[in-house]
Every structure is written in structure tokens, then in C-alpha cells.
Amino acid sequence: MQFGVLGPLAVTTDAGEPVAVPGTKVRALLADLLTNRNQVVSADRLIDDLWGDDSPANPAGALQVRVSQLRKALNDAEPGARDLVESRAPGYLLRAGAVDADRFAELARHTDVDRLTEALGLWRGEAYADVADAEFVRAEATRLAEQRLAVHERLAEARVARGEHDLVAADLAELVARHPLREGLRAVQLRALYAAGRQSEALDSYADLRDRLADELGLDPAPELVALHRRILEQDAGLSAPPKAAIIRNSLPAQLDELVGRGEALTELRALLPAQRLVTLIGPGGVGKTRLATETARTQSLPDGVLLVELAPLPAGDPGVAEQVLGALDAREAAGTTLSATDRLVAALRQRHLLLVLDNCEHVIEPVAALVARLLRDAPGVRVLATSRESLGLTGELLWEVPPLSLPQDSDPDAVRRSAAARLFAARAAAQHRGFRLDETTAPAVAQLCRRLDGLPLALELAATRVRALGLRGVVDRLDDRFRLLTTSQRDVPRRQRTLTAVIGWSWDLLDEADREVLARLAVFRDGCTPEAAEQVCQADLDALARLVDRSLVVLDDSPAGPRYRLLESVAAFCLDRLTDADDVRARHAAYYTDLAERADPELRGAEQRRWLALLDAETANLRAALAHGGGLRLAVALSWYWYLRGRLTEARRALAVPGDPAQESRAAPWQVGFALLRGEAVTPADIRAALAHDPDGRGAWFAAHAVITHSELALAAELLPSAPADAWTEAAVLASRAMLAHAAGDQSTLEYASTRSAALFADLGDRWGRLQATEWVGGLAEMRGEHERAVELHREGLRWAEELELWPQVGTELSWLAWLAVQTRDYPQGRELAERAYRLAVEQDAPGALVFAGMSLGFAARRDGKLDLAVTHLTHLAERGRGETRPALYLPMVLVELGYAVEQGGDPDAALALHVEAYEAAEAMASPRDGVAALEGMASAVRSPEAAARLLGVAAAARLALEAPASPAERDEVDRVTGRVRAALGPERFDALVDEGTKLSPGEARAQL
């Protein structure tokens, strides 16, 4: 495992795969352990570092949770890596063998240019950048920053010693500006400036330092600097530049602004160029190839320098590339010569050692390729760095694709600031508008803008020029009209880069008509497409697609799931305006994805479920577009099961509401009703029965009946469930629903048969979602019988299955089960943490059922953990929701009992008794004897008469025995608490007699005596 602290915290596997470390506190914990790597850090110190004066109620438990999350993140990426975080008294230790700061320190001990350059290349920003404000990293970050500056000084000295004074003088200007009082930097800058023939600038720099030291610190320059200043005044020959070969020309433009977000790219390219004679930077227009090439070339040290040749002014196909290079060399043609321009250029460069940068080659690709091939063969000291939207296609060419800048992963301000695209936009916007800041208020809009513009540097810079006139929100709101919006009036920008239209049009104009047609048709896809989809919808062959990829107009994402072609959003918008047969292409698009959805529907119920879920996930945007392009109700019906698995209830409800032909409307009716019920809408029994009248295969009927259960209409659900399912899958699904009904009724024999039979059928079919559903109720039976360890094991397995299938609503349900079981077994902090995770997930997924279960677990855990106010808030909300339904919700009795306990503990036994009585009546109405028993125990806690309380405890104990539903440890705690109080009030003999008397009463008789 590799750890990076020279920039934002970064963790990668040995294979180079990034490791996501979730949560601010977990990242802070990792930073703390890294600053003390391979040493034990006490738990007390970690708690103080992470929370300070705002420590949680259970700080040791909270720390343990963060440690567990860190271990899980490491282990998920590299099995066994959890052992890197050791528990060792009095705290924890991180075994970190590969930390970039340690590698930096090792390289920094050297004095040669290459090692020192490699050392600085490890830096990705300020040390510990994303936790730099934390007190516990400040000393370490400061130490590393000082070491970094020291390496800059030594590298600059080494480069001056070997004659790179021009480059060093340019490179040190920004560094000295940021550290104006650092005398070591000034000394090497003065030497570089003087050696470069810039004596007056060297003297000015010394004067600036002397004045700053006097004004700010009241000091004089060090004696060494004073001596160096005197030597410059005396023009000491020892300070002159060492002799070197004549430089042909260094034509790189001066750096006018900061290159943002390309640190890693620069490091890689700087290392590549000395070993490769031809490197071609490829990528779409506006991605920043030219800027990256010039900044890479700026750091190269060759005896004859660097020559930049702009090829954009040449007309398309112009053969005069060699003349353009000769012009940049300022090589005049001798009178009477008969040599060709290429021969003259080869002759001029044959004995030279230089880097030739050829910029914008795509429109003259053939003559450029011919010229470069000749130079590589006949001028061995010449290296070529080219920029193009396609490769030169030469032997030995190394293609380096310039990616767009990294995008914000979400709208969290810290995540946005870590994004290179956002940093570039913010820097350029601030330059245009002094008041602009990237902060909590602007981060969401900046994240949206960066994603909409695909992280293209040119598009982001054009957008930044509009902030002053339109404001940030105004720019984002106008992105649908991006080609009018994204223009600039900057006079020093080439015309082809002054508008987004011109940038893309430059590439469009280089295509032949057939390739333009294919590119325009590709614009109907959303989020890319497979090669098969592109061929069918665009009526294109793979050769045409390959040409568009080669010319950087189409992006090829080659993932483990298979290749996908994708257009950048701006390219797609440009092409849609030029699509001449839009209706026909969109019709083919809708037909292709309708066929795909219909093939997927049966596969989602079998062994290939996971693969087809991933396939449809990848095509989500295309499926939505196909619905709008004519897929209609037929496509909506085919997608219904997928939408349910993914928890997209609102999307399904809306899509199934569109009109269609009678046959499709009949097929859609049960699914439409089912989704309406799952969304919490009121649907009459008559409407439900009418919707099921024409269900062809029974699956729609099962779905609607299953949804009825969520409205607590248990008898209606049992009636509507198909009695003779047409296939094994529907039979298994019906059994899972019957298990759910049996659990609600406390019918253990039916629950055991239905859940185990359903699990076996789904296992035979290979349907992991089905096994997950059935196993949920096998676990429910175990919980009912008091087999809590087995129940936890079953639900942990269910959680793993749900996470593997990315069934996020079901993940929330399994977390809620585990939270519930943690509460029942008295692990209240764990219960609260699991319930909070489930609650957040249910809110994110807009899953009403999962939200209720998570809220229950939260309320129960909070009450048992002594957080009465929090418990009352959650439980009251759930009680009001449960009462507001047409029938009392299934969860209402449990919620009322728990709320009754909270109110009683808060000092209002009369209100508590009313809640327990209401819970008993609700349980009786829905035929749920187990919930009725809990309500009787609750009444015993609140009733004022000790005699009545003792009889109620006896009734409840007898009922639990008859139901084979033993109390959980947490429930026993409540019974023991009440028992102790009532026994003390009555005396042991009287108490036992009344309890015995209660065992002979029915629950109804006991209720009547209150």
C-alpha cells in the first residue's frame, strides 16, 4: 500500500489503483497516524486531535468506529491491508512502509539534477493539503515545506553549475516572489541572472531583498549575500556562465499565468522526453495540449535549446511544413541553392541537439509525418514533441493522451477544491473578477459547471471570462446555449481559440462528409454507447468509429465491462446542431434500447442478474433518452423490474403513466399500481383488482400485491397474491411475500416454510436478489425465536449481497435489520451508528420503506442509549406517519410501545399508558399477537396500580411462552426494570401471586381490567 502526503492525502495499492478513504474524520485519523507512522499514538491523543473540545459522548467508541472504517477502506482495496492499522496499547500504530515523504527525503540527500528533480516531482501540492489546518499536522507540514524549499535551492545551484542559467532564472522568479525573504533562493537567483547576462535584474533583486529585510525584520543581508553582491558589481569572472555550444533559438513564450492541475502530467512527461525521440500529445481541441507541451519543453536542457513551431497558420494539407520550421529557425536560403526545404532543414539540424516542438499538426498530418520521419532518421540529436488531435503514425512514436482536468466527484466544497478543473476555473474567474471565491456557497455551481464542460481547460477559461458580466449562476444557467456564451474578446488568443464553436469546428472541418455524418449521429447517445449500439444506430462500421477516436473527437472508455464510445458534452452539442436525419436516428436509437431492455428483463431474474444490472446501469441515460425518442410504454414495461431493483420508484411511476396501445396499457397497469403504492399513494382495492385483471404472467399481480403489504392491507395482499404461479420465479416471489405476511402475524410455521422454500427456489434460479429477499425473512424468523447471533449472520450476508448488486435501498434495509438486532442485544452505540447509515442511505435513495425502518432503529437505539429527546423526535414522527395511513401501519404498534417507554421515562406515565393501549389496539386490529405482548409489557411499566402491573406481566409472560417468542435481551431489560419496581411495591409473595393470577387471564381480559 502506497501513502501520499505531499499534496492532498492519497492512498494507492501497489498496482496503482486509488483507494477511497471516506469521511473527513477518517482522513484526519489517517493523517494523524501518518505523521507518526510506525509509532504508537495514544487513543487519548487521537481523540483530542480529531475532536478537540467538541468530543462525542462516547469518544473511545467514536474513535474505534473511525479506525474500523479506515481498516475497511484499506482492506477493500487490498485484502489483508487492514492489518496495517494495529491496535497497540495505549492506542494505534500505522505500519506504513511506502510514504512519498520518505522517498522524497531519500532523494533529497543526493546532489545530482535528476534525483533532485525526481524528488520535487513527488509533490502534488502543499503537504497534507486537505487537512493542513489541523494542529497535529502543522509541524510536519512545515518541516516538509522547508525541506522542499531546500531541495529547490540545491537543484537550482546544480543546474546553474551545468549552464542552465537562463532556465533557472525563469523558474526561480515565481518561487522568490512567494518566499521573498529566503536568502538561499535569492543567492542562486542572483547568480543565475548574472550568468544569463541580466546584471541589472540581479542588482534589483538584491536591492529588493535588502529593503524587505530592513523594513520587515530590521536586519541586513547575510555576509555571503553581501559578498555575492560585491562580486556582481565588480563583474567577477568567476560568476560568468560556463562555456556551452551556441543555442540555435529558444522560442518558447514567457509563462503568463499558472498552469493548474497538470503537476503529475508534467512530472511524467519531463521524465519521458529524455528517453523518447518522438512524443505526441493527443487529445480533443481545448484540452490544453499546447500549454502542456510548452511547459514540459521549458524544463528540458539540451545544448541547442528548444524550438517551438506553430503550424496552425498553415492551410489544411499545406506541404510547406519544412519551410515553416526553417522560418522559425530564421535560416535564410542561400542564393542559387537547388536543395529542397526538407534537405536544407536536415542539413541545418544534422549536428544539433535540440527539442523541436511542433504544435497543431492535425491539419497537416501527412507532411508533418514525412518531415519528422526524415529528421528522426538523419538528425540523431533532434527530439520531437508534437501536439495533434491524431497520431503521426510513425515507428517509435510514443502517444501521450492529454486528459481533461479532474472533475469534482460531488458538490462538497473540499471535494470541489481538490478538483483540478474547479481550481483552474476559480483561478481564472478570480483574475477577471476580484470578488470571486471558491467556497461553500459557490462550490455546487462550480462543480456543475466543470462537469458540464467536461473539464476542458479552454472551455473553463472561456466560461471564467463571463463571470464578471453574468455572475457564476448566470454562466451556469446559460450552458445550454454554450456556443454563444463561451467566447472571449482577449486579443492575444488565436482566433481558432476565441470561441468554443471555432475550437470544435476546426476538427469538424478536417473530416470527410461520411465521418461527419457518423459523428453527428453519435450525438443522440447519452453517456456513451457500445460499439454494437454505435454500428446499429449510426449505421457505421468500426473503421469510421476508429478514425473518429484517432482524431480525438470520440473518446474510447475501455473499462472491464467493455469498450464504450463517448462524446464530450460540448462536442455532442455542436454535432446535434448539424444532424440532418435526426428523426430516423432517434427512432433507431429507441428501437435498439427497447430491444435491449426486453432482452434484459428475464435475465434480471437469473444467474446473469449482476451483469445485466451493470449493463443497464451503464445505459441509464440512453434508456431515458429512448423513452423520449419513442420507446414509450413498451420500453417502460420492459424496464419496470430494473427500476424496482434500483429503487427508482418515481421514475418508474412517471414513465408508466404515459398512454400507449391497449395491450401495452394492460401490461403496464399492475406495475403502475404497484409503484404508486410503493410511493405511498392511496389506491382503492377496486382499482387494484381492475389493474390485475389482464396480467399475462402473474408477475405484475405479485408485484402489486407485494406493494399492498406496505400499506398494511395484509388481508387484501394475501387475497391478491397469485395462488397458482405460472413459473418458478413467480412462485418464489409469492412465497417471499407470504413469509413477510407470516412474520407480521407471528405465524412461525408458515414463516419457516415460506422463507426457506423461497430461498431454495431462488438459489436454483441463481437470482441473488430473490435469495436476499427470502433470507431477510429467514433472519426475521431467527430474530423472532431469540436466535440473535444467527439473525445477525444472515443479515450480514444479505448486506454483502445487496452491496455487491448495488441494490442501495436493500442495503439500507439490511443495515436497519442489523441496527435493530444491535439494539435488541444491548449494543446501543453500534445500533445508532448502523441506523444513521441506513437513514442517510434511505434519504439519498428516496426509499420510503427503508426510511421508516431506519427511523425506527434510530429511535429505539437513541431511547435505550438514554437520548430521550432524540428518541421522542424520531418516534413521534413515525407514529404520526403510521396513524395517517388508511390502516394503521405495520410498524405502528412497535413505535407506540417504544414511544410509551420514552414518555414514561420522561415522567408522564398517564400519557405513556395511553400510547401502550393504542399500541395494543393497533396490534389487535392487524392480528399481530407478538406486538400485542410488547404492548402489555409497556402497559405494566406505565399503569399506576402495582396489582394491575403484576397481572399484566403475568399475561405477557404466558403469551410469549404460547407464541414461542422469547423476549430479546433489550426487551428483558425493560421487563426486569418494571418487575423490580412492582415487586418492591407489593412484596415478593404478593407479586408472585398476582403474576400467577395474570397467567390465567387472556390478553383481552387483562386489557379490560385497566
# chains A, B, ... in the order shown; residues from 1 in each chain; ligands from 1
>>> select_by_dssp(residues="region 360-603 of chain A", states="strand (DSSP E or B)", output="ChimeraX atom specification")
/A:382-388,398-401,487,499,529,555-559,562-566
>>> write_last_selection(atoms="C-alpha atoms", output="CSV table (one decimal), in the first residue's frame")
chain,number,residue,atom,x,y,z
A,382,VAL,CA,16.9,16.1,-32.6
A,383,ARG,CA,14.0,15.2,-30.4
A,384,VAL,CA,10.4,16.0,-31.3
A,385,LEU,CA,7.5,16.9,-29.1
A,386,ALA,CA,4.3,17.2,-31.2
A,387,THR,CA,0.8,18.2,-30.4
A,388,SER,CA,-2.1,16.9,-32.6
A,398,LEU,CA,5.0,7.5,-28.1
A,399,LEU,CA,1.4,8.6,-27.8
A,400,TRP,CA,0.5,10.5,-24.7
A,401,GLU,CA,-3.2,11.3,-24.4
A,487,THR,CA,-16.5,33.4,-26.4
A,499,THR,CA,-14.9,30.6,-29.3
A,529,CYS,CA,-22.6,3.7,-26.2
A,555,VAL,CA,-13.5,9.2,-26.5
A,556,LEU,CA,-13.0,5.5,-26.1
A,557,ASP,CA,-13.6,4.3,-22.5
A,558,ASP,CA,-12.1,0.8,-22.3
A,559,SER,CA,-13.5,-0.5,-19.0
A,562,GLY,CA,-16.3,-3.5,-22.3
A,563,PRO,CA,-15.5,-0.6,-24.6
A,564,ARG,CA,-17.8,2.5,-24.9
A,565,TYR,CA,-17.7,5.4,-27.3
A,566,ARG,CA,-18.4,8.8,-25.8
>>> residues_around(residues="region 825-836 of chain A", least_positions_apart="6", cutoff="7 Å", atoms="only C-alpha atoms", output="ChimeraX atom specification")
/A:815-816,819,854,857-858,861-862,864-865,968-970
>>> closest_residue(among="A:Ala691, A:Leu953, A:Ala431, A:Cys575", to="Asp257 (chain A)", atoms="only C-alpha atoms")
A:Ala431
>>> atom_distance(atom1="CA of Leu714 (chain A)", atom2="CA of Asp697 (chain A)")
22.7 Å
>>> atom_distance(atom1="CA of Leu33 (chain A)", atom2="CA of Asp439 (chain A)")
28.4 Å
>>> closest_residue(among="A:Glu1005, A:Glu806, A:Ala942, A:Asp378", to="Ala347 (chain A)", atoms="only C-alpha atoms")
A:Asp378
